[in-house]
Amino acid sequence: MKTFHSEAAMQVENIDAYEALVQFLYRAPIGLVQTDLAGAVEMLNPMASSLLMPLATDAGLDNLFAVLDNVAPQVKQLADAFAEPSGVVCEALRLPLEQAYTAPGAPQVLSISLLKLDAQRLMAVITDATLEMQREQETLRRRLRSAARTDALTRLPNRAAVREQLEAMLARPRIGGGGQFALLFLNFDRFRQINDTLGQALGDQLLVTLADELLAAMAERGWGMPPGARRIDAAAGSGHLVARVGGDEFVVLLDGLRQRDEAERVATRLLDALASQHMVAGREVACRASIGVFWSDGMDDEAGSTAADPDAVMRDASIAMVEAKRAGGARHVVFEASMRERAARRADIETQLRTALAEEQLFVVYQPVVGLNPDGSTDHAAGVEALVRWQHPVRGLVPPFDFIGVAEECGLIDQIGDFVLLRACTDFMRWQRELGAAAPRLVAVNLSRAQLAQPDWTGKVAAILAQTGMAAASLQLEVTESLAAQDEQTQLRLHELKALGIKLALDDFGTGYSSLSSLHLLPVDTVKIDRSFVCKADTSHHHQVLIEATVKVASSLGMNTVAEGIETEAQARAVRAQHCAKGQGYFYSRPLPSDALVPWLVQHAGPGGRAG
């Protein structure tokens, strides 16, 4: 009797459990559909019926695959291809519903998972994924927006983030007290040359290092975020912003300032922080910055009132940065409205200069370099220096001072230099054919920093020599003292040129004994004594001593000397008395076009092609 009651109780419990399960399935907030392998529906709960009904055709909900045929035919294909006795056929398959299937407020996206229960049965789990999809899309939009405002290399905010914050600052009323802002525009001096030397990968590492140092400098000021903060937050702490806006250009945006001096103090602090050596892949690299400072209170001035949008603010700060570079770099300059006019003139010259290159408005003139023979005679065929000139169709002859600096800033100087080199070598070979012994024995061409930065430039020079048939020993390339001693890359390029057999000259030499002490480190054949020494050679004992010392040191190193800027007979006698090997200046001749140089050489040709 006890056993009978126990079995009956178990049966009742099983019935109760089954009914509870059925109640759960029917009340579950997800759709559940049980089918055979062909998709014929054996059981579905009310939620499944509600979700699938908008998809049902005239056949109703008798077959799951038929219901899904228009929106997810792949479900049947996946089920047919699933050979395992049980398992997950597909999971969380998203089914976007066309507008025709949905009423206002109805599900727009369904999610279906299909399980194979055993050899005869399938179970589909269907949910309304509309809100989930919307949340995912919103998250994706936020991430994309964040990515669109973040520099991929440094993880700092980018130009778009700066523009966004500037728009907010410009939109608010500008009142006295602490409501002003400043934008500091940073560009690293000589970064292009450093990048070419290190290679792009290490150049990128240097940019990341510089970004870290900017953040650290701001944090020391109390304007950064705690060390544990995310980088993007650290760059935008306390209303301030540190951003990379392109290449080696960075922006520091300062808010809530009272006086312009505060912005200038920050600029000075950043310059000091960046002045130290930077470690990149175990190497110490020097990379200082130039900073342009835009101060918002200047917008209230009549002269500066045009900076009223984010792009104009960044433009003006960038203009000030260029002024800092033109002043020598490694400093900050505060923007003034008058700088816009100068920048506009430079931009106009740049545009016209590009046209000049395309339309061959540039030409080359040659200033004779004469030999100062020990016997007192003058060798007028010793050589010439090639100099570029610009014949503008409207402005006439444009002085080099007006366009060489602009060409260096806008990256055209290498094209101009290459043009001068080819023309000079071509003209030199023509003089050899026409004049014979009276022709110049050497042609000198100035080198720019941009040319030396070209990785293939030595090969380009060799190609020009081969093209024109000119001997390498007849070409002298001239570099300034500061450029020759600048960095490893420049030194390497000079040694490569030297290996071709080309002569090298140190131009504008004359910074004193400190330069003389390092002269032996430079791979040059000739030292050109700067005109600032030569112009007082006949009147100043001090300058005579400096010239004498330069000649003696150069001679001891096997180098020749050229005195530049000789304008009077007295200066010529003075430099000859100091045993300078050659002289150059208006006293002998102004720069001449090629067709005028030829008769000048013929006129001064003496016996053997040399004037006495």
# chains A, B, ... in the order shown; residues from 1 in each chain; ligands from 1
>>> select_by_dssp(residues="stretch 215-369 of chain A", states="strand (DSSP E or B)", output="VMD selection string")
chain A and resid 241 to 246 249 to 257 278 to 280 283 to 285 289 to 295 332 to 334 362 to 369
>>> closest_atom_pairs(of="stretch 197-296 of chain A", to="stretch 158-165 of chain A", cutoff="7 Å", atoms="only C-alpha atoms", output="CSV")
residue,atom,partner,partner_atom,distance
A:Ala243,CA,A:Asn158,CA,5.4
A:Arg244,CA,A:Asn158,CA,5.2
A:Val245,CA,A:Arg159,CA,4.5
>>> atom_distance(atom1="atom CA of A:Val575", atom2="atom CA of A:Val562")
9.2 Å
>>> atom_distance(atom1="atom CA of A:His579", atom2="atom CA of A:Leu372")
8.0 Å
>>> atom_distance(atom1="atom CA of A:Pro157", atom2="atom CA of A:Trp295")
20.9 Å
>>> closest_atom_pairs(of="stretch 243-273 of chain A", to="stretch 188-205 of chain A", cutoff="10 Å", atoms="only C-alpha atoms", output="Markdown table")
| residue | atom | partner | partner_atom | distance |
| --- | --- | --- | --- | --- |
| A:Gly247 | CA | A:Phe191 | CA | 9.5 |
| A:Asp248 | CA | A:Phe188 | CA | 6.1 |
| A:Glu249 | CA | A:Phe188 | CA | 7.1 |
| A:Phe250 | CA | A:Phe188 | CA | 8.8 |
>>> residues_around(residues="A:Ala471", least_positions_apart="3", cutoff="10 Å", atoms="only C-alpha atoms", output="PyMOL selection string")
chain A and resi 425+429+442+465-466+468+474-475+500-502
>>> write_last_selection(atoms="C-alpha atoms", output="mmCIF file, in the first residue's frame")
data_model
loop_
_atom_site.group_PDB
_atom_site.id
_atom_site.type_symbol
_atom_site.label_atom_id
_atom_site.label_comp_id
_atom_site.auth_asym_id
_atom_site.auth_seq_id
_atom_site.Cartn_x
_atom_site.Cartn_y
_atom_site.Cartn_z
ATOM 1 C CA CYS A 425 76.369 71.720 -65.770
ATOM 2 C CA MET A 429 80.057 72.019 -70.958
ATOM 3 C CA LEU A 442 84.983 75.050 -62.025
ATOM 4 C CA LEU A 465 77.035 64.521 -64.596
ATOM 5 C CA ALA A 466 76.617 61.527 -66.901
ATOM 6 C CA THR A 468 75.959 66.391 -69.529
ATOM 7 C CA SER A 474 84.721 70.388 -62.259
ATOM 8 C CA LEU A 475 81.656 70.671 -60.018
ATOM 9 C CA LEU A 500 81.826 60.835 -56.584
ATOM 10 C CA GLY A 501 84.846 63.124 -56.949
ATOM 11 C CA ILE A 502 82.856 66.326 -56.508
#
>>> residues_around(residues="stretch 113-122 of chain A", least_positions_apart="2", cutoff="8 Å", atoms="only C-alpha atoms", output="count of residues only")
18
>>> residues_around(residues="stretch 210-218 of chain A", least_positions_apart="6", cutoff="9 Å", atoms="only C-alpha atoms", output="list in words")
Thr154, Leu156, Gly224, Ala234, Ala235, Val242, Ala243, Arg244, Phe250, Val252, Val266, Arg269, Leu270, Ala273, Leu274, His278 and Cys287 of chain A
>>> write_last_selection(atoms="C-alpha atoms", output="compact mmCIF listing (two decimals), in the first residue's frame")
# COMPACT_ATOMS: atom_id res chain seq x y z
CA THR A 154 49.19 59.07 -30.73
CA LEU A 156 45.33 62.13 -28.80
CA GLY A 224 46.28 67.09 -17.03
CA ALA A 234 44.20 62.95 -20.24
CA ALA A 235 44.56 64.97 -23.41
CA VAL A 242 46.29 68.44 -26.24
CA ALA A 243 45.80 67.25 -29.81
CA ARG A 244 47.67 66.15 -32.91
CA PHE A 250 50.21 69.56 -32.40
CA VAL A 252 47.37 72.79 -27.05
CA VAL A 266 52.64 77.61 -20.86
CA ARG A 269 57.15 75.60 -20.30
CA LEU A 270 56.40 73.35 -23.27
CA ALA A 273 60.12 70.37 -21.78
CA LEU A 274 60.75 69.59 -25.45
CA HIS A 278 64.24 62.38 -26.72
CA CYS A 287 63.82 67.83 -31.79
>>> residues_around(residues="A:Ala38", least_positions_apart="6", cutoff="9 Å", atoms="only C-alpha atoms", output="VMD selection string")
chain A and resid 63 to 65 76 79 to 80
>>> closest_residue(among="A:Leu362, A:Ala72, A:Ala219, A:Leu186", to="A:Ala320", atoms="only C-alpha atoms")
A:Leu186
>>> residues_around(residues="A:Glu548", least_positions_apart="2", cutoff="9 Å", atoms="only C-alpha atoms", output="VMD selection string")
chain A and resid 543 to 546 550 to 553 575 578 to 580
>>> write_last_selection(atoms="N, CA and C atoms", output="JSON list (two decimals), in the first residue's frame")
[["chain", "number", "residue", "atom", "x", "y", "z"],
["A", 543, "HIS", "N", 89.36, 92.14, -38.10],
["A", 543, "HIS", "CA", 88.88, 91.33, -39.20],
["A", 543, "HIS", "C", 90.03, 90.76, -40.02],
["A", 544, "GLN", "N", 91.10, 91.48, -40.11],
["A", 544, "GLN", "CA", 92.27, 90.96, -40.80],
["A", 544, "GLN", "C", 92.82, 89.73, -40.09],
["A", 545, "VAL", "N", 92.86, 89.80, -38.76],
["A", 545, "VAL", "CA", 93.35, 88.66, -37.97],
["A", 545, "VAL", "C", 92.45, 87.44, -38.17],
["A", 546, "LEU", "N", 91.14, 87.67, -38.19],
["A", 546, "LEU", "CA", 90.21, 86.55, -38.37],
["A", 546, "LEU", "C", 90.38, 85.91, -39.75],
["A", 550, "THR", "N", 91.67, 82.06, -40.45],
["A", 550, "THR", "CA", 90.88, 81.13, -41.27],
["A", 550, "THR", "C", 91.74, 80.57, -42.40],
["A", 551, "VAL", "N", 92.50, 81.43, -43.07],
["A", 551, "VAL", "CA", 93.36, 80.98, -44.18],
["A", 551, "VAL", "C", 94.39, 79.98, -43.69],
["A", 552, "LYS", "N", 95.01, 80.26, -42.55],
["A", 552, "LYS", "CA", 96.06, 79.37, -42.04],
["A", 552, "LYS", "C", 95.49, 78.01, -41.62],
["A", 553, "VAL", "N", 94.35, 78.02, -40.92],
["A", 553, "VAL", "CA", 93.75, 76.74, -40.51],
["A", 553, "VAL", "C", 93.32, 75.95, -41.73],
["A", 575, "VAL", "N", 92.75, 91.03, -48.81],
["A", 575, "VAL", "CA", 92.57, 89.57, -48.77],
["A", 575, "VAL", "C", 93.71, 88.87, -49.50],
["A", 578, "GLN", "N", 96.49, 88.46, -47.18],
["A", 578, "GLN", "CA", 96.28, 87.36, -46.23],
["A", 578, "GLN", "C", 96.36, 86.00, -46.91],
["A", 579, "HIS", "N", 96.75, 86.02, -48.19],
["A", 579, "HIS", "CA", 96.99, 84.79, -48.96],
["A", 579, "HIS", "C", 95.73, 83.98, -49.23],
["A", 580, "CYS", "N", 94.60, 84.65, -49.37],
["A", 580, "CYS", "CA", 93.40, 83.95, -49.83],
["A", 580, "CYS", "C", 93.66, 83.44, -51.25]]
>>> select_by_dssp(residues="stretch 117-298 of chain A", states="alpha helix (DSSP H)", output="count of residues only")
80
